[in-house]
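What's in work_2.csv: CSV, C-alpha atoms
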chain,number,residue,atom,x,y,z
B,1,MET,CA,-53.5,-15.8,22.2
B,2,THR,CA,-55.2,-13.3,20.0
B,3,GLY,CA,-58.6,-12.4,21.2
B,4,ILE,CA,-58.1,-13.6,24.8
B,5,THR,CA,-58.7,-11.1,27.6
B,6,VAL,CA,-56.9,-11.3,30.9
B,7,GLY,CA,-58.5,-9.3,33.7
B,8,TYR,CA,-55.5,-8.2,35.7
B,9,ALA,CA,-56.4,-7.1,39.2
B,10,LEU,CA,-54.0,-5.4,41.7
B,11,CYS,CA,-54.4,-5.3,45.4
B,12,GLY,CA,-52.4,-3.3,48.0
B,13,SER,CA,-49.2,-5.2,48.3
B,14,PHE,CA,-47.4,-2.2,47.0
B,15,CYS,CA,-43.9,-3.6,47.4
B,16,THR,CA,-44.7,-6.1,44.7
B,17,PHE,CA,-45.9,-3.6,42.1
B,18,SER,CA,-42.4,-3.5,40.6
B,19,LYS,CA,-42.8,-7.3,40.0
B,20,THR,CA,-46.3,-7.3,38.7
B,21,ILE,CA,-46.4,-4.4,36.3
B,22,PRO,CA,-43.8,-5.9,34.0
B,23,GLN,CA,-45.9,-9.0,33.7
B,24,ILE,CA,-48.8,-6.9,32.3
B,25,GLN,CA,-46.5,-5.9,29.5
B,26,GLU,CA,-45.3,-9.5,29.0
B,27,LEU,CA,-48.9,-10.7,28.7
B,28,ILE,CA,-49.5,-8.0,26.0
B,29,ASN,CA,-46.3,-9.0,24.3
B,30,ARG,CA,-47.7,-12.6,24.1
B,31,GLY,CA,-50.8,-11.3,22.4
B,32,TYR,CA,-53.3,-11.1,25.2
B,33,LYS,CA,-55.6,-8.1,25.8
B,34,VAL,CA,-55.4,-6.9,29.4
B,35,LEU,CA,-58.3,-5.3,31.3
B,36,PRO,CA,-56.8,-3.6,34.4
B,37,ILE,CA,-58.6,-3.6,37.7
B,38,MET,CA,-57.4,-2.2,41.0
B,39,SER,CA,-58.8,-2.3,44.6
B,40,GLU,CA,-59.8,1.0,45.9
B,41,THR,CA,-56.8,1.0,48.2
B,42,ALA,CA,-54.4,0.2,45.5
B,43,TYR,CA,-56.0,2.9,43.2
B,44,SER,CA,-55.8,5.7,45.8
B,45,THR,CA,-52.9,5.1,48.1
B,46,ASP,CA,-49.4,6.7,47.8
B,47,THR,CA,-46.7,4.8,49.6
B,48,ARG,CA,-42.9,4.7,49.8
B,49,PHE,CA,-43.0,2.4,46.8
B,50,GLY,CA,-44.6,5.0,44.6
B,51,LYS,CA,-47.6,7.3,44.0
B,52,ALA,CA,-50.9,5.8,43.0
B,53,GLU,CA,-51.4,8.2,40.1
B,54,GLU,CA,-48.1,7.1,38.6
B,55,PHE,CA,-49.0,3.4,38.8
B,56,ILE,CA,-52.4,4.1,37.3
B,57,SER,CA,-50.9,6.1,34.5
B,58,GLU,CA,-48.3,3.4,33.7
B,59,ILE,CA,-50.9,0.6,33.7
B,60,GLU,CA,-53.4,2.6,31.6
B,61,ARG,CA,-50.6,3.4,29.1
B,62,ILE,CA,-49.5,-0.2,28.8
B,63,THR,CA,-53.0,-1.7,28.5
B,64,GLU,CA,-54.6,1.1,26.6
B,65,ASN,CA,-57.6,0.7,29.0
B,66,LYS,CA,-58.9,2.7,31.9
B,67,VAL,CA,-58.5,1.0,35.3
B,68,ILE,CA,-61.7,-0.5,36.8
B,69,HIS,CA,-61.6,0.6,40.4
B,70,THR,CA,-65.1,0.6,41.8
B,71,ILE,CA,-67.6,-2.2,42.7
B,72,SER,CA,-70.1,-0.9,40.2
B,73,GLN,CA,-67.5,-0.9,37.4
B,74,ALA,CA,-66.5,-4.5,38.3
B,75,GLU,CA,-69.9,-6.1,38.6
B,76,PRO,CA,-70.5,-6.5,34.9
B,77,ILE,CA,-67.3,-8.5,34.3
B,78,GLY,CA,-69.0,-11.8,34.6
B,79,PRO,CA,-72.4,-11.1,33.0
B,80,LYS,CA,-70.8,-9.4,30.1
B,81,GLU,CA,-68.1,-12.1,29.8
B,82,MET,CA,-65.4,-9.4,29.8
B,83,CYS,CA,-62.5,-11.7,30.7
B,84,ASP,CA,-61.4,-15.2,29.7
B,85,VAL,CA,-59.3,-15.5,32.9
B,86,LEU,CA,-59.0,-13.2,35.9
B,87,LEU,CA,-55.7,-12.8,37.6
B,88,ILE,CA,-55.2,-11.1,41.0
B,89,ALA,CA,-51.6,-10.1,41.2
B,90,PRO,CA,-50.7,-9.2,43.9
B,91,CYS,CA,-53.4,-11.0,46.0
B,92,THR,CA,-53.0,-9.9,49.6
B,93,GLY,CA,-53.9,-11.8,52.7
B,94,ASN,CA,-56.9,-9.5,53.1
B,95,THR,CA,-58.2,-10.3,49.7
B,96,LEU,CA,-57.5,-14.1,50.2
B,97,GLY,CA,-59.7,-13.9,53.3
B,98,LYS,CA,-62.5,-12.1,51.5
B,99,LEU,CA,-62.5,-14.5,48.6
B,100,SER,CA,-62.4,-17.5,50.9
B,101,GLN,CA,-65.4,-16.2,52.8
B,102,GLY,CA,-67.4,-14.9,49.8
B,103,ILE,CA,-67.0,-11.2,50.8
B,104,THR,CA,-67.4,-8.7,47.9
B,105,ASP,CA,-66.6,-5.3,49.3
B,106,THR,CA,-63.9,-4.1,46.8
B,107,ALA,CA,-63.6,-3.8,43.1
B,108,VAL,CA,-61.3,-6.8,43.0
B,109,THR,CA,-63.4,-9.1,45.1
B,110,MET,CA,-66.5,-8.1,43.1
B,111,ALA,CA,-64.6,-8.8,39.8
B,112,ALA,CA,-63.6,-12.2,41.2
B,113,LYS,CA,-67.2,-13.1,42.3
B,114,SER,CA,-68.7,-11.9,39.0
B,115,HIS,CA,-66.1,-13.8,37.0
B,116,LEU,CA,-66.4,-17.1,38.9
B,117,ARG,CA,-70.2,-16.9,38.5
B,118,ILE,CA,-69.7,-17.8,34.9
B,119,LYS,CA,-67.3,-20.6,35.8
B,120,ARG,CA,-64.2,-19.0,34.3
B,121,PRO,CA,-60.7,-19.4,35.8
B,122,LEU,CA,-59.5,-17.2,38.6
B,123,LEU,CA,-55.7,-17.1,39.1
B,124,LEU,CA,-54.2,-15.9,42.4
B,125,CYS,CA,-50.7,-14.6,42.7
B,126,ILE,CA,-50.3,-14.2,46.4
B,127,ALA,CA,-48.2,-11.8,48.4
B,128,THR,CA,-48.9,-11.9,52.1
B,129,ASN,CA,-46.9,-11.6,55.3
B,130,ASP,CA,-49.1,-14.1,57.1
B,131,GLY,CA,-49.4,-16.9,54.5
B,132,LEU,CA,-48.1,-19.4,57.0
B,133,GLY,CA,-50.1,-17.8,59.8
B,134,ALA,CA,-53.7,-16.5,59.7
B,135,SER,CA,-54.0,-16.6,55.9
B,136,ALA,CA,-53.0,-20.3,55.7
B,137,GLN,CA,-56.5,-21.5,56.2
B,138,ASN,CA,-57.8,-19.2,53.4
B,139,ILE,CA,-55.1,-20.4,51.0
B,140,GLY,CA,-56.1,-24.0,51.9
B,141,ARG,CA,-59.7,-23.4,51.3
B,142,LEU,CA,-59.1,-21.6,48.0
B,143,LEU,CA,-56.7,-24.4,46.8
B,144,ASN,CA,-59.7,-26.6,47.1
B,145,THR,CA,-62.1,-24.3,45.2
B,146,LYS,CA,-63.2,-25.1,41.7
B,147,ASN,CA,-61.9,-22.8,39.0
B,148,VAL,CA,-59.4,-21.2,41.3
B,149,TYR,CA,-55.7,-21.6,40.4
B,150,PHE,CA,-52.5,-20.3,42.0
B,151,VAL,CA,-49.2,-18.9,40.7
B,152,PRO,CA,-46.6,-21.0,42.5
B,153,PHE,CA,-45.4,-19.5,45.7
B,154,GLY,CA,-42.9,-19.9,48.5
B,155,GLN,CA,-41.3,-18.2,51.5
B,156,ASP,CA,-39.6,-15.0,50.4
B,157,ASP,CA,-37.6,-14.3,53.6
B,158,PRO,CA,-37.8,-17.2,56.1
B,159,LYS,CA,-35.5,-15.7,58.6
B,160,LYS,CA,-36.9,-12.2,59.0
B,161,LYS,CA,-40.5,-13.0,57.9
B,162,PRO,CA,-41.1,-16.7,58.6
B,163,ASN,CA,-44.9,-16.6,57.8
B,164,SER,CA,-44.5,-14.6,54.6
B,165,LEU,CA,-45.4,-16.1,51.2
B,166,VAL,CA,-44.9,-14.5,47.8
B,167,ALA,CA,-45.7,-16.0,44.4
B,168,LYS,CA,-43.2,-16.3,41.6
B,169,PHE,CA,-44.5,-13.3,39.5
B,170,GLU,CA,-42.3,-14.3,36.6
B,171,LEU,CA,-44.4,-17.4,36.1
B,172,ILE,CA,-47.6,-15.4,35.6
B,173,PRO,CA,-47.7,-15.8,31.7
B,174,ASP,CA,-47.3,-19.5,31.9
B,175,CYS,CA,-49.8,-19.8,34.7
B,176,VAL,CA,-52.3,-17.8,32.7
B,177,GLU,CA,-52.0,-20.2,29.8
B,178,ARG,CA,-52.5,-23.2,32.1
B,179,ALA,CA,-55.4,-21.7,33.9
B,180,LEU,CA,-57.1,-21.0,30.6
B,181,SER,CA,-56.8,-24.8,30.0
B,182,LYS,CA,-58.1,-25.4,33.6
B,183,VAL,CA,-54.8,-26.8,34.7
B,184,GLN,CA,-52.9,-25.9,37.9
B,185,TYR,CA,-49.3,-25.1,37.3
B,186,GLN,CA,-47.0,-27.5,39.2
B,187,PRO,CA,-45.4,-27.5,41.6
B,188,VAL,CA,-47.6,-25.0,43.5
B,189,ILE,CA,-45.1,-24.6,46.4
B,190,MET,CA,-41.6,-23.6,45.4
Exercise: express the given structure as structure tokens:
Amino acid sequence: MTGITVGYALCGSFCTFSKTIPQIQELINRGYKVLPIMSETAYSTDTRFGKAEEFISEIERITENKVIHTISQAEPIGPKEMCDVLLIAPCTGNTLGKLSQGITDTAVTMAAKSHLRIKRPLLLCIATNDGLGASAQNIGRLLNTKNVYFVPFGQDDPKKKPNSLVAKFELIPDCVERALSKVQYQPVIM
């Protein structure tokens, strides 16, 4: 995979950062270059899951690249063909809704719009508490959108959070490979 760049965007599902950051390292171990991108919220918010500054530092250390975190920094991603595939992991319900409706008001949604403009694959790794609720229609719309692929997902806690869906983060490297070939990893729902 030498010479292939994965745009790796993180949104504010902070509880999944411990699952997604190791996948950045795994992609690098497999020979990919990784361009890190964070939504403004993910870039600036400290939570009980960790401090923003610590996540940024770890991501920049692993990738050896500065995190793109503003709309103006993300806009050239498509025109300059900066990524071969763009992955959003985690992709929150908020971001799903924005992508589904064509809203580009964050660094991540701008990166996605800019990247899709040149017909390259966008891979979504969802983490949303309302995936079987309000976000279901957005997931459905995006499942039917050209050049958009999903990391397989399923209910993470059907008893306590019956509408919650979370992707299988450990499948990210294999899903990246398939998305580069414009193939959806199957099965989508696990």
Please tabulate, as CSV, the residues of range 38-94 of chain B that come within 9 Å of range 123-143 of chain B, each with its closest pair of atoms and the distance in Å to one decimal, counting all atoms listed in the file and ordering rows by chain, then residue number upward.
residue,atom,partner,partner_atom,distance
B:Val85,CA,B:Leu123,CA,7.3
B:Leu86,CA,B:Leu123,CA,6.0
B:Leu87,CA,B:Leu123,CA,4.6
B:Ile88,CA,B:Leu124,CA,5.1
B:Ala89,CA,B:Cys125,CA,4.8
B:Pro90,CA,B:Cys125,CA,5.5
B:Cys91,CA,B:Ile126,CA,4.5
B:Thr92,CA,B:Thr128,CA,5.2
B:Gly93,CA,B:Thr128,CA,5.0
B:Asn94,CA,B:Ser135,CA,8.2
Prev. selection, C-alpha atoms, output as a compact mmCIF listing (two decimals), in the frame of the given file:
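Listing of out34.txt after writing:
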# COMPACT_ATOMS: atom_id res chain seq x y z
CA VAL B 85 -59.30 -15.50 32.90
CA LEU B 86 -59.00 -13.20 35.90
CA LEU B 87 -55.70 -12.80 37.60
CA ILE B 88 -55.20 -11.10 41.00
CA ALA B 89 -51.60 -10.10 41.20
CA PRO B 90 -50.70 -9.20 43.90
CA CYS B 91 -53.40 -11.00 46.00
CA THR B 92 -53.00 -9.90 49.60
CA GLY B 93 -53.90 -11.80 52.70
CA ASN B 94 -56.90 -9.50 53.10
- Task: Give me the residues within 6 Å of range 146-154 of chain B as a list of chain:residue names, counting only C-alpha atoms and dropping any in the same chain fewer than 5 places off.
- Result: B:Pro121, B:Leu122, B:Leu123, B:Leu124, B:Cys125, B:Leu165, B:Val166, B:Ala167, B:Lys168, B:Gln184, B:Val188, B:Ile189, B:Met190
- Pick out the residues sitting within 7 Å of Arg117 in chain B, and hand them over as a VMD selection string; count only C-alpha atoms, and ignore anything fewer than 3 positions along from it in its own chain. chain B and resid 78 113 to 114
- Query: Of the candidates B:Thr95, B:Gln25, B:Ser13, B:Gln101, which one gets nearest to Thr145 in chain B if we count only C-alpha atoms?
  - Reply: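 For Thr145 in chain B, the nearest of the candidates is B:Gln101.
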- Find the spatial neighbours of Glu53 in chain B, counting all atoms listed in the file, within a cut-off of 8 Å - ignore same-chain residues fewer than 2 positions away - and output them as a list in words. Tyr43, Ser44, Lys51, Phe55, Ile56 and Ser57 of chain B
- B:Glu58, B:Asp84, B:Asp157, B:Glu75: which is nearest Tyr32 in chain B, counting only C-alpha atoms?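 Using only C-alpha atoms, the shortest distance to Tyr32 in chain B belongs to B:Asp84.
One finds CA of Ser181 in chain B at 23.5 Å from CA of Thr63 in chain B.
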- Separation of CA of Tyr8 in chain B and CA of Lys182 in chain B, in Å? 17.5 Å
Return the padded bounding box of range 55-69 of chain B as lines of an AutoDock Vina configuration file: axis-aligned, built from all atoms listed in the file, 6 Å added on each side, with centre and edge lengths in Å to one decimal.
center_x = -55.0
center_y = 2.2
center_z = 33.5
size_x = 25.4
size_y = 19.8
size_z = 25.8
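When only C-alpha atoms are used to compute distances to Leu10 in chain B, the closest of the residues B:Ala74, B:Pro79, B:Val108, B:Arg30 turns out to be B:Val108.
For the residues B:Leu171, B:Cys83, B:Ala112, B:Leu99, ranking by smallest atom-to-atom distance to Pro22 in chain B using all atoms listed in the file places B:Leu171 first.
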- In Å, with one decimal, what is the gap from CA of Gln155 in chain B to CA of Arg178 in chain B?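 These atoms are spaced 23.0 Å apart.
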- Message: Every residue with an atom at most 9 Å from (-58.8, -4.0, 45.5) (file coordinates; only C-alpha atoms) is what I'm after, so could you write them as a ChimeraX atom specification?
- Response: /B:9-12,37-43,69-70,91,95,105-109
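Considering the residues B:Ile172, B:Ile71, B:Ile103, B:Leu180 and counting all atoms listed in the file, Lys119 in chain B has its shortest atom-to-atom contact with B:Leu180.
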